[in-house]
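Asker: So that you have it, the file is data.csv, and it contains CSV, C-alpha atoms and all ligand atoms:
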```csv
chain,number,residue,atom,x,y,z
V,1,MET,CA,9.0,-16.7,-16.7
V,2,HIS,CA,7.0,-16.4,-20.0
V,3,LEU,CA,3.8,-17.5,-18.1
V,4,LEU,CA,4.4,-15.0,-15.3
V,5,ALA,CA,4.8,-12.1,-17.8
V,6,LEU,CA,1.6,-13.3,-19.5
V,7,LEU,CA,-0.3,-13.4,-16.2
V,8,CYS,CA,1.0,-9.9,-15.3
V,9,ALA,CA,-0.2,-8.6,-18.7
V,10,TRP,CA,-3.7,-10.1,-18.2
V,11,PHE,CA,-3.9,-8.7,-14.7
V,12,LEU,CA,-2.9,-5.2,-15.9
V,13,LEU,CA,-5.5,-5.5,-18.7
V,14,LEU,CA,-8.2,-6.5,-16.2
V,15,LEU,CA,-7.3,-3.5,-13.9
V,16,ILE,CA,-7.5,-1.1,-16.9
V,17,ILE,CA,-10.9,-2.6,-17.9
V,18,VAL,CA,-12.2,-2.3,-14.3
V,19,PHE,CA,-10.9,1.3,-14.0
V,20,PHE,CA,-12.5,2.4,-17.3
V,21,GLY,CA,-15.7,0.5,-16.5
V,22,LEU,CA,-16.0,2.4,-13.2
V,23,VAL,CA,-15.3,5.7,-14.9
V,24,ILE,CA,-17.9,5.0,-17.6
V,25,ALA,CA,-20.5,3.8,-15.1
V,26,SER,CA,-19.9,6.9,-12.9
V,27,THR,CA,-20.0,9.5,-15.7
V,28,SER,CA,-23.1,8.0,-17.2
V,29,VAL,CA,-25.3,8.3,-14.1
V,30,GLN,CA,-23.8,11.8,-13.5
V,31,ALA,CA,-24.7,12.7,-17.1
V,32,LEU,CA,-28.3,11.4,-16.5
V,33,TRP,CA,-28.6,13.5,-13.3
V,34,MET,CA,-26.6,16.3,-14.9
V,35,VAL,CA,-24.6,16.7,-11.6
V,36,PRO,CA,-20.9,16.0,-11.9
V,37,PHE,CA,-18.6,15.3,-8.9
V,38,VAL,CA,-17.3,18.7,-7.9
V,39,PRO,CA,-15.9,18.6,-4.4
V,40,THR,CA,-16.9,21.4,-2.0
V,41,PRO,CA,-13.8,23.5,-0.9
V,42,LYS,CA,-12.8,23.4,2.8
V,43,ALA,CA,-13.7,27.0,3.5
V,44,ILE,CA,-17.3,26.4,2.3
V,45,ILE,CA,-17.5,23.0,4.2
V,46,ASP,CA,-16.6,24.9,7.4
V,47,GLY,CA,-19.4,27.4,6.8
V,48,MET,CA,-21.9,24.6,6.1
V,49,VAL,CA,-21.0,22.6,9.2
V,50,GLU,CA,-21.2,25.8,11.3
V,51,PHE,CA,-24.7,26.6,9.8
V,52,ALA,CA,-25.8,23.0,10.7
V,53,GLU,CA,-25.3,23.7,14.5
V,54,LEU,CA,-25.0,20.0,15.0
V,55,LYS,CA,-26.1,18.4,18.3
V,56,PRO,CA,-25.2,15.1,19.9
V,57,HIS,CA,-26.7,11.9,18.2
V,58,GLN,CA,-28.4,13.8,15.4
V,59,ILE,CA,-29.3,12.1,12.1
V,60,VAL,CA,-27.4,13.7,9.3
V,61,PHE,CA,-27.5,13.1,5.5
V,62,ASP,CA,-25.5,14.3,2.5
V,63,LEU,CA,-27.4,13.8,-0.7
V,64,GLY,CA,-24.9,13.4,-3.5
V,65,ALA,CA,-22.1,13.0,-1.0
V,66,GLY,CA,-19.2,12.7,-3.4
V,67,ASP,CA,-16.1,11.5,-1.5
V,68,GLY,CA,-17.9,12.1,1.8
V,69,ARG,CA,-15.9,15.2,2.8
V,70,ILE,CA,-18.8,17.2,4.2
V,71,LEU,CA,-19.9,14.3,6.5
V,72,LEU,CA,-16.3,13.8,7.6
V,73,ALA,CA,-16.1,17.4,8.7
V,74,ALA,CA,-19.5,17.2,10.4
V,75,GLU,CA,-18.4,14.0,12.3
V,76,LYS,CA,-15.2,15.8,13.3
V,77,ARG,CA,-17.3,18.7,14.8
V,78,GLU,CA,-19.8,16.4,16.5
V,79,PRO,CA,-18.5,12.8,16.7
V,80,THR,CA,-21.8,11.3,18.0
V,81,ILE,CA,-23.9,12.1,14.9
V,82,HIS,CA,-25.3,9.3,12.8
V,83,ALA,CA,-24.2,10.3,9.3
V,84,THR,CA,-25.2,8.7,6.0
V,85,GLY,CA,-24.1,9.8,2.5
V,86,TYR,CA,-25.8,8.9,-0.7
V,87,GLU,CA,-23.6,8.8,-3.8
V,88,GLY,CA,-24.9,7.2,-7.0
V,89,ALA,CA,-21.7,7.2,-9.0
V,90,ILE,CA,-20.0,3.9,-8.2
V,91,GLY,CA,-16.4,5.1,-8.8
V,92,VAL,CA,-16.9,8.2,-6.5
V,93,TRP,CA,-18.7,6.0,-4.0
V,94,LEU,CA,-15.7,3.6,-3.9
V,95,LEU,CA,-13.4,6.5,-3.3
V,96,SER,CA,-15.6,7.6,-0.4
V,97,LYS,CA,-15.5,4.1,1.2
V,98,LEU,CA,-11.7,4.2,1.0
V,99,ARG,CA,-11.7,7.6,2.6
V,100,MET,CA,-14.0,6.5,5.4
V,101,ARG,CA,-11.8,3.4,6.1
V,102,MET,CA,-8.6,5.4,6.1
V,103,ARG,CA,-10.1,8.0,8.5
V,104,ARG,CA,-11.7,5.2,10.7
V,105,SER,CA,-15.0,7.0,10.3
V,106,LYS,CA,-18.4,5.8,11.3
V,107,VAL,CA,-20.0,7.6,8.4
V,108,GLN,CA,-22.1,5.2,6.3
V,109,MET,CA,-21.8,5.6,2.5
V,110,ILE,CA,-24.6,4.2,0.3
V,111,CYS,CA,-24.3,3.8,-3.5
V,112,LYS,CA,-27.9,4.6,-4.4
V,113,ASP,CA,-30.1,7.3,-6.1
V,114,PHE,CA,-31.3,9.3,-3.0
V,115,MET,CA,-34.5,10.3,-4.8
V,116,HIS,CA,-36.1,7.0,-3.6
V,117,GLU,CA,-35.1,7.3,0.0
V,118,ASP,CA,-37.0,8.5,3.1
V,119,PHE,CA,-35.7,11.4,5.0
V,120,SER,CA,-38.4,11.7,7.7
V,121,LYS,CA,-35.8,11.0,10.5
V,122,ALA,CA,-33.3,13.6,9.3
V,123,ASP,CA,-32.2,16.4,11.6
V,124,VAL,CA,-29.8,17.9,9.1
V,125,ILE,CA,-29.4,17.4,5.3
V,126,PHE,CA,-26.5,18.7,3.3
V,127,THR,CA,-26.7,19.2,-0.5
V,128,TYR,CA,-24.5,20.5,-3.3
V,129,LEU,CA,-26.4,19.4,-6.5
V,130,SER,CA,-28.1,21.5,-9.2
V,131,ILE,CA,-31.1,23.8,-9.7
V,132,ALA,CA,-33.1,20.8,-11.3
V,133,SER,CA,-32.2,18.4,-8.3
V,134,MET,CA,-33.4,21.0,-5.8
V,135,LYS,CA,-36.6,21.5,-7.7
V,136,LYS,CA,-37.2,17.7,-7.5
V,137,LEU,CA,-36.3,17.5,-3.8
V,138,LYS,CA,-38.5,20.4,-2.6
V,139,PRO,CA,-41.9,18.4,-2.7
V,140,LYS,CA,-40.1,15.4,-1.2
V,141,PHE,CA,-38.7,17.6,1.7
V,142,ASP,CA,-42.2,19.1,2.2
V,143,ALA,CA,-43.8,15.7,2.5
V,144,GLN,CA,-41.1,14.0,4.6
V,145,LEU,CA,-39.1,16.4,6.7
V,146,LYS,CA,-40.0,16.8,10.4
V,147,ASP,CA,-40.6,20.1,12.1
V,148,GLY,CA,-37.2,21.8,12.7
V,149,ALA,CA,-35.2,19.7,10.2
V,150,MET,CA,-32.5,21.7,8.5
V,151,VAL,CA,-31.3,21.7,4.9
V,152,VAL,CA,-27.9,23.3,4.4
V,153,THR,CA,-27.0,23.8,0.7
V,154,HIS,CA,-24.0,24.9,-1.2
V,155,ALA,CA,-24.7,27.2,-4.2
V,156,PHE,CA,-28.2,25.9,-5.1
V,157,ARG,CA,-31.2,27.4,-3.3
V,158,VAL,CA,-34.3,25.5,-2.3
V,159,PRO,CA,-37.0,26.9,-4.7
V,160,ASP,CA,-39.9,29.0,-3.4
V,161,MET,CA,-38.5,29.1,0.1
V,162,GLU,CA,-36.6,31.8,2.1
V,163,PRO,CA,-33.4,30.7,3.8
V,164,ASP,CA,-33.2,31.5,7.5
V,165,ARG,CA,-29.4,32.0,7.1
V,166,GLU,CA,-27.3,32.9,4.0
V,167,ARG,CA,-23.6,33.7,3.6
V,168,MET,CA,-21.1,34.4,0.8
V,169,VAL,CA,-18.0,32.5,1.5
V,170,THR,CA,-15.0,34.0,-0.3
V,171,MET,CA,-11.9,32.1,-1.2
V,172,PRO,CA,-8.4,32.9,-2.5
V,173,PHE,CA,-8.2,34.4,-6.1
V,174,GLY,CA,-11.6,36.2,-5.7
V,175,ARG,CA,-13.6,33.0,-6.0
V,176,GLY,CA,-16.6,32.5,-3.8
V,177,SER,CA,-19.8,30.7,-3.3
V,178,ARG,CA,-23.1,31.2,-1.4
V,179,ILE,CA,-24.4,28.8,1.3
V,180,TYR,CA,-27.9,28.7,2.5
V,181,ARG,CA,-29.7,27.2,5.5
V,182,TYR,CA,-33.4,26.3,5.5
V,183,VAL,CA,-35.5,25.2,8.5
V,184,TRP,CA,-38.6,23.1,7.8
V,185,ARG,CA,-41.8,24.0,9.7
V,186,LYS,CA,-44.7,21.6,9.6
V,187,LYS,CA,-47.9,23.5,8.9
V,188,SER,CA,-50.6,22.6,11.6
B,201,LIG,C1,-21.4,18.5,-6.9
B,201,LIG,S1,-21.0,16.9,-6.3
B,201,LIG,C2,-20.9,17.2,-4.5
B,201,LIG,C3,-20.2,16.2,-3.7
B,201,LIG,C4,-20.1,16.5,-2.2
B,201,LIG,N1,-21.4,16.6,-1.6
B,201,LIG,C5,-19.3,17.7,-1.9
B,201,LIG,O1,-20.0,18.8,-1.7
B,201,LIG,O2,-18.1,17.7,-2.0
B,201,LIG,C6,-22.6,16.1,-6.4
B,201,LIG,C7,-22.6,14.6,-6.4
B,201,LIG,O3,-24.0,14.1,-6.3
B,201,LIG,C8,-24.1,12.9,-7.0
B,201,LIG,N2,-25.5,12.8,-7.3
B,201,LIG,C9,-26.3,13.6,-8.1
B,201,LIG,N3,-27.6,13.2,-8.1
B,201,LIG,C10,-27.6,12.1,-7.4
B,201,LIG,C11,-28.7,11.1,-7.1
B,201,LIG,N4,-30.0,11.3,-7.5
B,201,LIG,N5,-28.4,10.1,-6.3
B,201,LIG,C12,-27.2,9.9,-5.8
B,201,LIG,N6,-26.1,10.7,-6.1
B,201,LIG,C13,-26.3,11.8,-6.9
B,201,LIG,C14,-23.2,13.0,-8.2
B,201,LIG,O4,-22.8,11.7,-8.6
B,201,LIG,C15,-22.0,13.9,-7.6
B,201,LIG,O5,-20.9,13.1,-7.2
```
Would you write out, as structure tokens, the structure that this file holds?
Answerer:
Amino acid sequence: MHLLALLCAWFLLLLIIVFFGLVIASTSVQALWMVPFVPTPKAIIDGMVEFAELKPHQIVFDLGAGDGRILLAAEKREPTIHATGYEGAIGVWLLSKLRMRMRRSKVQMICKDFMHEDFSKADVIFTYLSIASMKKLKPKFDAQLKDGAMVVTHAFRVPDMEPDRERMVTMPFGRGSRIYRYVWRKKS
């Protein structure tokens, strides 16, 4: 009995250490990128997915995907898409994996800094990041995105580029947020 209580105490301690380890690891990368996990509300997700005008079998990314909610909504709208979310904070990424499993989703969630990835195959990219991240992503998008690729962003614009669609989404209690859609054109 005494041994069992001791084992339980050790197990509990281990769980607490793992939990706080994940929280510290997640908040440190988010502090480095200066982008915390702030989930996009449903009304805004609906607007973003509508802006994306998803077509069968398209390749879709969410950069800084959080718990994967935007890609889940996109997959619900167009179940044949090939969706991949990049989330660098390990605790949030684990949460997204759990969500995908519970929803039996085909969305792939990768725990990685998306800045080192290649997006040349992307048809649609979703983002909800920061002014600084959009500034870093712009030259990457210019170099990699194919003609007609779309970037749909929540709150933060792509610098030095005019969106082809833009909308203010209002929510209860007077809150609201802007969403933007950009279409990349390859200069010939
Ligand atoms: C504001 S949250 C948005 C989450 C989700 N896209 C949504 O709209 O609900 C941004 C997320 O991006 C992640 N993130 C920021 N920069 C990143 C990077 N370079 N690589 C991977 N993840 C990043 C953060 O950890 C954070 O969870």
Asker: Could you give me, as a tab-separated table, every range 80-112 of chain V residue with an atom at most 9 Å from range 14-23 of chain V, plus its closest atom pair and distance in Å to one decimal, counting only C-alpha atoms, rows ordered by chain then number?
Answerer:
```
residue	atom	partner	partner_atom	distance
V:Ala89	CA	V:Leu22	CA	8.6
V:Ile90	CA	V:Leu22	CA	6.6
V:Gly91	CA	V:Leu22	CA	5.2
V:Val92	CA	V:Leu22	CA	8.9
```
Asker: Smallest atom-to-atom distance to Met150 in chain V: which of V:Met100, V:Ile44, V:Val183, V:Val107, using all atoms listed in the file?
Answerer: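 Answer, going by the shortest atom-to-atom distance: V:Val183.
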Asker: Within 7 Å of ligand LIG 201 (chain B), which residues show up when you count all atoms listed in the file? List them as a ChimeraX atom specification, please.
Answerer: /V:29-30,33,35-40,62-70,86-89,92,112-115,127-129,133
Asker: I'd like the neighbourhood of Pro41 in chain V as a list in words, where a residue qualifies if any of its atoms comes within 12 Å (using only C-alpha atoms), though same-chain residues fewer than 2 positions away should be ignored.
Answerer: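 Selected residues are Val38, Pro39, Ala43, Ile44, Ile45, Asp46, Gly47, Met48, Arg69, Ile70, Ala73, Tyr128, His154, Ala155, Val169, Thr170, Met171, Pro172, Arg175, Gly176 and Ser177 of chain V.
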Asker: Could you tell me how far CA of Phe141 in chain V lies from CA of Val49 in chain V, in Å and to one decimal?
Answerer: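 For CA of Phe141 in chain V relative to CA of Val49 in chain V, the distance reads 19.9 Å.
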